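**Student:** Provided below: model33.csv, containing CSV, C-alpha atoms.
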chain,number,residue,atom,x,y,z
A,1,MET,CA,11.7,33.7,11.6
A,2,GLY,CA,11.5,34.6,15.2
A,3,GLU,CA,13.7,37.7,14.9
A,4,LYS,CA,11.3,39.6,17.1
A,5,GLY,CA,13.8,39.0,19.9
A,6,GLY,CA,13.2,39.2,23.7
A,7,THR,CA,10.7,36.7,24.6
A,8,MET,CA,11.9,33.9,22.3
A,9,LYS,CA,11.6,31.1,24.9
A,10,ASP,CA,8.0,31.9,25.7
A,11,LYS,CA,7.1,32.0,22.1
A,12,ARG,CA,4.7,29.3,21.0
A,13,VAL,CA,3.9,29.4,17.3
A,14,VAL,CA,0.9,28.0,15.5
A,15,PHE,CA,1.9,27.3,11.9
A,16,VAL,CA,-1.0,27.3,9.4
A,17,THR,CA,-0.2,25.9,5.9
A,18,VAL,CA,-2.3,25.5,2.8
A,19,GLY,CA,0.5,24.2,0.6
A,20,THR,CA,0.3,25.1,-3.0
A,21,THR,CA,-3.5,25.3,-2.9
A,22,CYS,CA,-6.0,28.1,-2.5
A,23,PHE,CA,-7.9,27.6,0.7
A,24,ASP,CA,-9.3,31.0,1.8
A,25,ALA,CA,-11.9,29.3,4.0
A,26,LEU,CA,-9.1,28.1,6.3
A,27,VAL,CA,-7.2,31.4,6.4
A,28,ARG,CA,-10.5,33.2,7.1
A,29,ALA,CA,-11.4,30.8,9.9
A,30,VAL,CA,-8.0,31.3,11.6
A,31,ASP,CA,-8.4,35.0,11.2
A,32,THR,CA,-11.6,35.1,13.3
A,33,PRO,CA,-11.4,36.6,16.8
A,34,GLU,CA,-12.9,33.3,18.2
A,35,VAL,CA,-10.1,31.2,16.9
A,36,LYS,CA,-7.3,33.7,17.7
A,37,ASN,CA,-8.6,34.1,21.3
A,38,GLU,CA,-9.0,30.4,21.8
A,39,LEU,CA,-5.4,29.8,20.6
A,40,PHE,CA,-4.2,32.5,22.9
A,41,LYS,CA,-6.1,30.9,25.8
A,42,LYS,CA,-4.3,27.6,25.0
A,43,GLY,CA,-1.0,29.3,25.4
A,44,TYR,CA,-0.1,30.0,21.8
A,45,THR,CA,1.5,33.4,21.3
A,46,ASN,CA,2.0,33.6,17.6
A,47,ILE,CA,0.2,32.6,14.4
A,48,MET,CA,2.1,32.2,11.2
A,49,ILE,CA,0.0,31.6,8.1
A,50,GLN,CA,1.3,30.3,4.8
A,51,MET,CA,-1.6,31.3,2.6
A,52,GLY,CA,-0.5,30.0,-0.8
A,53,ARG,CA,-2.6,31.1,-3.8
A,54,GLY,CA,-5.5,32.4,-1.7
A,55,SER,CA,-6.8,35.9,-2.1
A,56,TYR,CA,-8.1,36.5,1.4
A,57,ILE,CA,-5.6,38.6,3.3
A,58,PRO,CA,-5.7,38.1,7.0
A,59,THR,CA,-5.4,41.1,9.4
A,60,LYS,CA,-1.8,41.3,10.5
A,61,SER,CA,-1.7,42.1,14.2
A,62,ALA,CA,0.9,43.0,16.7
A,63,VAL,CA,0.7,42.1,20.4
A,64,GLU,CA,-2.9,42.7,21.6
A,65,ASN,CA,-4.8,41.8,24.7
A,66,GLU,CA,-6.2,38.3,24.7
A,67,SER,CA,-5.1,37.4,21.2
A,68,ALA,CA,-2.1,35.9,19.4
A,69,VAL,CA,0.2,37.8,17.1
A,70,LEU,CA,-0.7,37.1,13.5
A,71,GLU,CA,1.7,37.1,10.5
A,72,TYR,CA,1.4,35.6,7.0
A,73,PHE,CA,3.3,34.9,3.8
A,74,THR,CA,2.4,33.3,0.5
A,75,PHE,CA,5.1,30.7,-0.3
A,76,SER,CA,8.4,29.8,1.1
A,77,SER,CA,11.1,27.3,0.2
A,78,SER,CA,11.7,26.6,3.9
A,79,ILE,CA,8.3,25.2,5.1
A,80,ALA,CA,10.3,22.6,6.9
A,81,ASP,CA,11.9,25.3,9.2
A,82,TYR,CA,8.5,26.7,10.0
A,83,LEU,CA,7.2,23.2,10.9
A,84,LYS,CA,10.2,22.6,13.1
A,85,GLU,CA,9.6,25.9,15.0
A,86,ALA,CA,5.9,25.3,15.5
A,87,SER,CA,4.2,24.1,18.6
A,88,LEU,CA,1.0,23.3,16.8
A,89,VAL,CA,0.3,22.9,13.0
A,90,ILE,CA,-3.0,23.6,11.3
A,91,SER,CA,-2.8,22.2,7.8
A,92,HIS,CA,-4.8,21.5,4.6
A,93,ALA,CA,-5.4,17.8,3.9
A,94,GLY,CA,-2.6,17.2,1.4
A,95,SER,CA,-0.6,14.1,2.2
A,96,GLY,CA,2.7,15.8,1.8
A,97,SER,CA,2.0,18.3,4.6
A,98,ILE,CA,0.4,15.7,6.8
A,99,PHE,CA,3.3,13.3,6.8
A,100,GLU,CA,5.9,15.9,7.1
A,101,THR,CA,4.3,17.2,10.2
A,102,LEU,CA,3.6,13.8,11.7
A,103,ARG,CA,7.2,12.8,11.1
A,104,LEU,CA,8.3,15.8,13.2
A,105,GLY,CA,6.0,14.7,16.0
A,106,LYS,CA,4.1,18.0,16.0
A,107,PRO,CA,0.4,18.2,17.2
A,108,LEU,CA,-1.6,18.6,14.0
A,109,ILE,CA,-5.1,19.7,13.1
A,110,VAL,CA,-6.0,18.9,9.5
A,111,VAL,CA,-8.7,21.1,8.0
A,112,VAL,CA,-10.6,19.6,5.1
A,113,ASN,CA,-11.3,21.8,2.1
A,114,GLU,CA,-14.9,21.1,1.3
A,115,ASP,CA,-14.8,23.2,-1.9
A,116,LEU,CA,-12.5,20.7,-3.7
A,117,MET,CA,-14.3,18.8,-6.5
A,118,ASP,CA,-12.9,15.3,-5.9
A,119,ASN,CA,-12.7,15.3,-2.1
A,120,HIS,CA,-10.9,12.1,-1.6
A,121,GLN,CA,-8.4,14.0,0.6
A,122,SER,CA,-10.7,13.8,3.6
A,123,GLU,CA,-10.3,10.0,3.6
A,124,LEU,CA,-6.7,10.2,4.7
A,125,ALA,CA,-7.3,12.8,7.4
A,126,GLU,CA,-10.3,10.9,8.8
A,127,GLU,CA,-8.4,7.6,8.8
A,128,LEU,CA,-5.5,9.2,10.7
A,129,ALA,CA,-7.9,11.0,13.0
A,130,GLU,CA,-9.6,7.7,13.8
A,131,ARG,CA,-6.1,6.3,14.8
A,132,LYS,CA,-5.6,9.4,16.9
A,133,HIS,CA,-2.5,10.6,15.1
A,134,LEU,CA,-4.1,14.0,14.4
A,135,LEU,CA,-7.3,16.0,14.8
A,136,CYS,CA,-9.6,16.5,11.8
A,137,ALA,CA,-11.8,19.6,11.4
A,138,ARG,CA,-13.8,21.7,8.8
A,139,PRO,CA,-13.2,25.4,8.5
A,140,GLN,CA,-16.5,26.1,10.4
A,141,THR,CA,-15.6,23.7,13.3
A,142,LEU,CA,-12.0,24.7,13.7
A,143,TYR,CA,-12.9,26.9,16.7
A,144,GLU,CA,-14.5,24.0,18.6
A,145,THR,CA,-11.7,21.6,17.7
A,146,ILE,CA,-9.2,23.9,19.2
A,147,ALA,CA,-11.4,24.6,22.3
A,148,TYR,CA,-11.7,20.9,23.1
A,149,MET,CA,-8.3,19.6,21.9
A,150,ASP,CA,-5.9,17.8,24.2
A,151,THR,CA,-2.6,17.4,22.4
A,152,ARG,CA,-1.5,14.9,25.0
A,153,SER,CA,-4.1,12.4,23.8
A,154,LEU,CA,-2.5,12.2,20.3
A,155,VAL,CA,-0.7,9.0,19.4
A,156,PRO,CA,2.8,9.4,17.8
A,157,TYR,CA,2.8,8.2,14.1
A,158,GLU,CA,5.0,5.3,13.3
A,159,PRO,CA,6.5,6.0,9.9
A,160,GLY,CA,5.8,3.4,7.2
A,161,ASP,CA,8.5,1.2,5.5
A,162,ALA,CA,8.9,1.0,1.7
A,163,GLU,CA,11.1,-2.1,2.0
A,164,PRO,CA,8.4,-4.8,1.6
A,165,VAL,CA,7.1,-3.1,-1.6
A,166,ALA,CA,10.6,-2.8,-3.0
A,167,LYS,CA,11.2,-6.4,-2.2
A,168,LEU,CA,8.1,-7.7,-4.0
A,169,ILE,CA,8.9,-5.6,-7.0
A,170,SER,CA,12.5,-6.8,-7.1
A,171,ARG,CA,11.5,-10.4,-6.6
A,172,TYR,CA,8.9,-10.2,-9.4
A,173,LEU,CA,11.6,-8.9,-11.8
A,174,GLY,CA,13.8,-11.8,-11.0
A,175,PHE,CA,16.4,-10.0,-8.8
A,176,PRO,CA,17.7,-12.1,-5.8
A,177,ASP,CA,16.8,-11.0,-2.3
A,178,ASP,CA,19.7,-9.4,-0.6
B,1,MET,CA,13.8,-20.4,-37.0
B,2,ILE,CA,15.5,-18.2,-34.4
B,3,ALA,CA,12.9,-15.5,-34.9
B,4,GLY,CA,10.2,-18.0,-34.6
B,5,SER,CA,11.4,-19.4,-31.3
B,6,LEU,CA,12.0,-15.9,-30.0
B,7,PHE,CA,8.4,-15.0,-30.8
B,8,SER,CA,7.0,-18.1,-29.2
B,9,SER,CA,8.9,-17.5,-26.0
B,10,GLU,CA,7.6,-14.0,-25.9
B,11,ARG,CA,4.0,-15.2,-26.4
B,12,GLN,CA,4.5,-17.8,-23.7
B,13,SER,CA,5.7,-15.3,-21.1
B,14,PHE,CA,2.8,-13.1,-21.9
B,15,LEU,CA,0.3,-15.8,-21.4
B,16,SER,CA,1.8,-16.9,-18.1
B,17,ARG,CA,2.0,-13.2,-17.0
B,18,LYS,CA,5.7,-13.5,-16.2
B,19,PRO,CA,8.3,-11.0,-17.3
B,20,LEU,CA,10.7,-11.9,-20.1
B,21,HIS,CA,13.8,-11.1,-18.2
B,22,SER,CA,13.2,-13.7,-15.4
B,23,LYS,CA,16.8,-14.8,-15.2
B,24,SER,CA,18.1,-12.3,-12.7
B,25,PRO,CA,18.7,-9.3,-15.0
B,26,ARG,CA,21.6,-7.0,-14.3
B,27,SER,CA,19.7,-3.7,-14.8
B,28,LEU,CA,16.4,-2.6,-16.3
B,29,SER,CA,15.5,0.7,-18.0
B,30,THR,CA,12.8,2.3,-15.8
B,31,LEU,CA,10.2,4.8,-16.4
B,32,ILE,CA,8.9,6.6,-13.3
B,33,VAL,CA,5.7,8.6,-13.6
B,34,LEU,CA,5.6,11.4,-11.0
B,35,GLY,CA,2.6,13.2,-9.8
B,36,SER,CA,2.3,16.4,-7.7
B,37,GLY,CA,3.4,16.9,-4.1
B,38,GLY,CA,2.5,13.9,-2.0
B,39,HIS,CA,2.7,11.5,-4.9
B,40,THR,CA,6.3,12.3,-5.7
B,41,ALA,CA,7.3,12.1,-2.1
B,42,GLU,CA,5.9,8.6,-1.9
B,43,MET,CA,7.6,7.5,-5.1
B,44,LEU,CA,11.0,8.8,-4.1
B,45,ASN,CA,10.5,7.1,-0.7
B,46,LEU,CA,10.2,3.8,-2.6
B,47,PHE,CA,13.3,4.6,-4.6
B,48,TYR,CA,15.3,5.2,-1.6
B,49,VAL,CA,15.1,1.5,-0.8
B,50,LEU,CA,15.0,0.1,-4.3
B,51,GLN,CA,18.5,-0.7,-5.4
B,52,THR,CA,19.0,2.0,-8.0
B,53,LYS,CA,21.7,0.1,-9.8
B,54,ARG,CA,19.1,-2.5,-10.8
B,55,PHE,CA,16.8,0.2,-12.3
B,56,LYS,CA,18.8,2.1,-14.8
B,57,PRO,CA,18.8,4.2,-16.7
B,58,ARG,CA,15.8,6.0,-15.1
B,59,TYR,CA,13.4,8.2,-17.0
B,60,TYR,CA,11.3,10.6,-14.9
B,61,ILE,CA,8.1,11.9,-16.4
B,62,ALA,CA,5.9,14.6,-14.9
B,63,ALA,CA,3.1,16.7,-16.3
B,64,ALA,CA,4.2,19.7,-18.3
B,65,THR,CA,2.5,22.0,-15.8
B,66,ASP,CA,4.3,20.5,-12.9
B,67,ASN,CA,7.9,21.7,-12.3
B,68,MET,CA,8.2,20.8,-8.6
B,69,SER,CA,8.2,17.0,-9.1
B,70,LEU,CA,11.1,16.9,-11.6
B,71,GLN,CA,13.0,19.3,-9.3
B,72,LYS,CA,12.6,16.8,-6.5
B,73,ALA,CA,13.7,14.0,-8.7
B,74,HIS,CA,16.8,16.0,-9.6
B,75,VAL,CA,17.6,16.4,-5.9
B,76,PHE,CA,17.1,12.7,-5.4
B,77,GLU,CA,19.4,11.8,-8.3
B,78,ASP,CA,22.1,14.3,-7.1
B,79,SER,CA,21.9,12.6,-3.6
B,80,LEU,CA,22.7,9.3,-5.3
B,81,LEU,CA,25.7,10.6,-7.1
B,82,GLY,CA,27.0,11.9,-3.8
B,83,LYS,CA,27.3,8.2,-2.6
B,84,GLU,CA,28.2,6.3,-5.7
B,85,THR,CA,29.7,6.8,-9.2
B,86,LEU,CA,27.6,7.6,-12.2
B,87,GLU,CA,28.4,4.2,-13.7
B,88,GLU,CA,27.0,2.4,-10.7
B,89,VAL,CA,23.8,4.4,-10.2
B,90,GLY,CA,23.2,4.9,-13.9
B,91,GLY,CA,22.0,7.9,-15.8
B,92,ALA,CA,18.7,9.7,-15.4
B,93,GLU,CA,16.6,11.7,-17.8
B,94,PHE,CA,13.8,14.2,-16.9
B,95,LEU,CA,10.9,14.5,-19.3
B,96,GLN,CA,7.6,16.3,-19.4
B,97,ILE,CA,4.3,15.0,-20.8
B,98,TYR,CA,1.1,16.8,-21.9
B,99,ARG,CA,-1.9,16.2,-19.7
B,100,SER,CA,-5.1,15.1,-21.3
B,101,ARG,CA,-7.1,17.4,-19.2
B,102,GLU,CA,-6.2,20.2,-16.9
B,103,VAL,CA,-8.3,20.8,-13.8
B,104,GLY,CA,-11.4,22.8,-14.8
B,105,GLN,CA,-11.0,22.3,-18.5
B,106,SER,CA,-14.2,21.7,-20.4
B,107,TYR,CA,-14.9,18.1,-21.7
B,108,ILE,CA,-15.3,19.3,-25.3
B,109,THR,CA,-11.9,20.8,-25.7
B,110,SER,CA,-10.4,17.9,-23.7
B,111,VAL,CA,-11.1,15.6,-26.7
B,112,GLY,CA,-8.4,17.4,-28.7
B,113,THR,CA,-6.0,17.7,-25.8
B,114,THR,CA,-6.4,14.0,-25.0
B,115,LEU,CA,-5.5,13.1,-28.6
B,116,VAL,CA,-2.4,15.3,-28.3
B,117,ALA,CA,-1.5,13.7,-25.0
B,118,VAL,CA,-1.9,10.2,-26.3
B,119,ALA,CA,0.3,10.9,-29.4
B,120,HIS,CA,2.9,12.4,-27.1
B,121,ALA,CA,2.8,9.4,-24.8
B,122,LEU,CA,3.2,7.1,-27.8
B,123,TRP,CA,6.2,9.0,-29.0
B,124,LEU,CA,7.8,8.9,-25.6
B,125,MET,CA,7.2,5.2,-25.2
B,126,ILE,CA,8.7,4.4,-28.6
B,127,LYS,CA,11.7,6.5,-27.7
B,128,ILE,CA,12.3,5.1,-24.2
B,129,ARG,CA,11.0,1.6,-24.5
B,130,PRO,CA,11.2,1.0,-20.7
B,131,GLN,CA,11.4,-2.4,-19.3
B,132,VAL,CA,9.9,-1.3,-16.0
B,133,ILE,CA,7.1,1.3,-15.4
B,134,LEU,CA,6.5,2.6,-11.9
B,135,CYS,CA,3.6,4.9,-11.2
B,136,ASN,CA,1.5,5.9,-8.2
B,137,GLY,CA,-1.5,7.8,-9.1
B,138,PRO,CA,-1.4,10.7,-11.4
B,139,GLY,CA,-3.7,10.5,-14.5
B,140,THR,CA,-0.7,11.1,-16.7
B,141,CYS,CA,0.3,7.4,-16.1
B,142,ILE,CA,-2.8,6.1,-17.9
B,143,PRO,CA,-1.9,6.8,-21.5
B,144,LEU,CA,1.6,5.5,-20.8
B,145,CYS,CA,0.4,2.3,-19.2
B,146,ALA,CA,-2.2,1.7,-21.9
B,147,ILE,CA,0.4,2.0,-24.6
B,148,ALA,CA,2.8,-0.3,-22.7
B,149,PHE,CA,-0.1,-2.8,-22.3
B,150,LEU,CA,-0.9,-2.6,-26.0
B,151,PHE,CA,2.7,-3.2,-26.9
B,152,LYS,CA,2.7,-6.2,-24.6
B,153,VAL,CA,-0.4,-7.7,-26.2
B,154,LEU,CA,1.0,-7.1,-29.6
B,155,GLY,CA,4.2,-8.7,-28.5
B,156,ILE,CA,6.2,-5.7,-29.5
B,157,LYS,CA,7.8,-4.8,-26.2
B,158,TRP,CA,7.5,-6.1,-22.7
B,159,SER,CA,7.3,-3.6,-19.9
B,160,SER,CA,6.5,-4.7,-16.4
B,161,ILE,CA,4.0,-2.2,-14.8
B,162,PHE,CA,4.0,-1.6,-11.1
B,163,TYR,CA,1.4,0.6,-9.6
B,164,VAL,CA,1.4,1.8,-6.0
B,165,GLU,CA,-1.8,3.5,-5.0
B,166,SER,CA,-1.3,6.7,-3.1
B,167,ILE,CA,-1.5,6.6,0.6
B,168,ALA,CA,-4.2,9.3,0.4
B,169,ARG,CA,-6.6,6.6,-1.0
B,170,VAL,CA,-8.0,4.8,2.1
B,171,ARG,CA,-11.4,3.5,1.0
B,172,LYS,CA,-11.5,3.8,-2.8
B,173,LEU,CA,-8.9,3.4,-5.5
B,174,SER,CA,-8.2,6.4,-7.6
B,175,LEU,CA,-9.5,6.4,-11.2
B,176,SER,CA,-6.0,5.5,-12.5
B,177,GLY,CA,-5.7,2.7,-9.9
B,178,LEU,CA,-9.2,1.4,-10.7
B,179,LEU,CA,-8.6,1.3,-14.5
B,180,LEU,CA,-5.3,-0.5,-14.1
B,181,TYR,CA,-6.9,-3.0,-11.6
B,182,LYS,CA,-10.1,-3.7,-13.6
B,183,LEU,CA,-8.3,-4.0,-17.0
B,184,HIS,CA,-5.5,-6.2,-15.4
B,185,MET,CA,-2.9,-3.7,-16.8
B,186,ALA,CA,-0.6,-3.7,-13.8
B,187,ASP,CA,1.7,-6.6,-13.1
B,188,GLN,CA,1.6,-5.7,-9.5
B,189,LEU,CA,-0.7,-3.2,-7.9
B,190,PHE,CA,0.0,-2.1,-4.3
B,191,VAL,CA,-2.4,-0.5,-1.9
B,192,GLN,CA,-1.4,1.1,1.4
B,193,TRP,CA,-4.4,0.4,3.6
B,194,PRO,CA,-5.9,-3.0,4.6
B,195,GLN,CA,-9.4,-1.7,3.8
B,196,LEU,CA,-8.5,-1.5,0.1
B,197,LYS,CA,-7.0,-4.9,0.0
B,198,GLU,CA,-10.3,-6.3,1.3
B,199,LYS,CA,-12.1,-4.5,-1.4
B,200,TYR,CA,-9.7,-5.3,-4.2
B,201,PRO,CA,-8.3,-8.8,-3.4
B,202,ARG,CA,-5.8,-8.9,-6.3
B,203,ALA,CA,-4.0,-5.9,-4.9
B,204,HIS,CA,-0.9,-6.4,-2.7
B,205,TYR,CA,-0.9,-4.9,0.8
B,206,VAL,CA,2.5,-4.9,2.6
B,207,GLY,CA,2.3,-1.8,4.7
B,208,ARG,CA,2.6,2.0,4.1
B,209,LEU,CA,5.3,3.9,2.3
B,210,MET,CA,5.1,7.0,4.3
Show this structure as structure tokens.

**Tutor:**
Amino acid sequence: MGEKGGTMKDKRVVFVTVGTTCFDALVRAVDTPEVKNELFKKGYTNIMIQMGRGSYIPTKSAVENESAVLEYFTFSSSIADYLKEASLVISHAGSGSIFETLRLGKPLIVVVNEDLMDNHQSELAEELAERKHLLCARPQTLYETIAYMDTRSLVPYEPGDAEPVAKLISRYLGFPDD
Amino acid sequence: MIAGSLFSSERQSFLSRKPLHSKSPRSLSTLIVLGSGGHTAEMLNLFYVLQTKRFKPRYYIAAATDNMSLQKAHVFEDSLLGKETLEEVGGAEFLQIYRSREVGQSYITSVGTTLVAVAHALWLMIKIRPQVILCNGPGTCIPLCAIAFLFKVLGIKWSSIFYVESIARVRKLSLSGLLLYKLHMADQLFVQWPQLKEKYPRAHYVGRLM
């Protein structure tokens, strides 16, 4: 990551992740000139796409006018490092990716995959969007979401606590409270 | 005489929906059903705060097609051993189970695979005989919980079933959650959003795991 050298400190990376899914519609949406230009206008210089099992190959691009540099890969064991490096994360709606990003306090746009059969995933993204922890988009509205987004209006996510659940389970089983 | 009184105490505890081992047990064998990605992260988050020395030995089960979840459980168990001795934290076993239906599989062929999955679940339950079952969503927990419930009704073996609905479920329970709720199979069923508690009043809501 980031071995391009030189302008490291001005580099602002958008990390796009689809997890272990196949989500060509998202990769294709990010690869459109509209989205790339809009991201560049917002000050993002690089786009790194984790494309998972998808078959749509985005067009790799070096430094161009008015557009961000785009790179991609399929899978990596160090997604956490990419998330840490990112200034903006665009993710599929899986709860793993969502909470990992929120815990790092990174601005997040969740894009809901409308092709999934049982689309309960949008529930979580919409609920968290309502609470202003993230922005929720569809592949076809990603461009507008980026154009109108104000990352300063997002509310930091307060991580949950498993302790009360653990306590109830332990108590039910007859263990004393500590 | 002794057998008779044992039997009656078991019946009684079943009727009052209280676990057999109500006198502060030292440790309980625990079956943990893992699902993919986010499900496993939630379950392990819970285990970080549960006192693992009370829940041992631990049997992790994941679908045969899911390698990632058991790998994460391995990492978790290794982290425990870094802090305490094996005797304290207890042993762990990692098992795989057949799924009754893969995504996209036709319903006709799934009749056969469901039978195989149920038989496999029965075999695992007889082998493990867990005192505690913890699950949070994947469909693989249904045959296991159903068998545990059947054992309970027949007075063969008591397992306490705890179900934590995934945080991804905000407005509706998953199919697994709904089945366990409607059929009263879970001893405690947790939801992670207040909206669900309103809809399913017998569920417990005490905040989010993530």

**Student:** Suppose you want the space between CA of Leu83 in chain A and CA of Thr20 in chain A; what is it in Å?

**Tutor:**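 Computing the Euclidean distance for CA of Leu83 in chain A and CA of Thr20 in chain A yields 15.6 Å.
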
**Student:** Could you work out how far CA of Lys197 in chain B lies from CA of Gln131 in chain B, giving the answer in Å with one decimal?

**Tutor:**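 Result for CA of Gln131 in chain B versus CA of Lys197 in chain B: 26.8 Å, one decimal.
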
**Student:** Quick one: which residues from chain A are at most 8 Å off chain B, using all atoms listed in the file, as a PyMOL selection string?

**Tutor:** chain A and resi 94-97+99+120-121+123-124+127+159-167+169-170+172-176

**Student:** Using all atoms listed in the file, which residues sit within 9 Å of Gln50 in chain A once same-chain residues fewer than 3 positions away are excluded, as a ChimeraX atom specification?

**Tutor:** /A:15-19,27,71-76,79

**Student:** Please indicate the distance in Å from CA of Met48 in chain A to CA of Ser69 in chain B, rounded to one decimal place.

**Tutor:**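 One can read the CA of Met48 in chain A to CA of Ser69 in chain B distance as 26.1 Å.
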
**Student:** From the options A:Thr32, A:Thr101, A:Ser77, A:Asn37, which residue's atoms come nearest to Ala147 in chain A, counting all atoms listed in the file?

**Tutor:**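 Looking at the shortest contact to Ala147 in chain A, the residue is A:Asn37.
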
**Student:** Which residue is closest to Thr141 in chain A? Choose from A:Asp81, A:Ser55, A:Val35, A:Gly105 and count all atoms listed in the file.

**Tutor:**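 Under the stated criterion, the closest residue is A:Val35.
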
**Student:** Using all atoms listed in the file, which residue out of A:Val13, A:Leu70, A:Leu134, A:Ile57 lies closest to Ser91 in chain A?

**Tutor:**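 Closest to Ser91 in chain A, using all atoms listed in the file: A:Leu134.
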
**Student:** Do a neighbour search on range 112-119 of chain B at 12 Å with all atoms listed in the file, toss out local chain neighbours closer than 3 positions, and write the hits as a ChimeraX atom specification.

**Tutor:** /B:63-64,96-102,105-109,122-126,139-147

**Student:** If you count all atoms listed in the file, which residues fall within 7 Å of Lys36 in chain A, apart from same-chain ones fewer than 6 positions away, as a count of residues only?

**Tutor:** 3

**Student:** Pick out the residues sitting within 8 Å of Val33 in chain B, and hand them over as an MDAnalysis selection string; count only C-alpha atoms, and ignore anything fewer than 2 positions along from it in its own chain.

**Tutor:** chainID B and resid 31 35 60:62 133:136 138 140:141
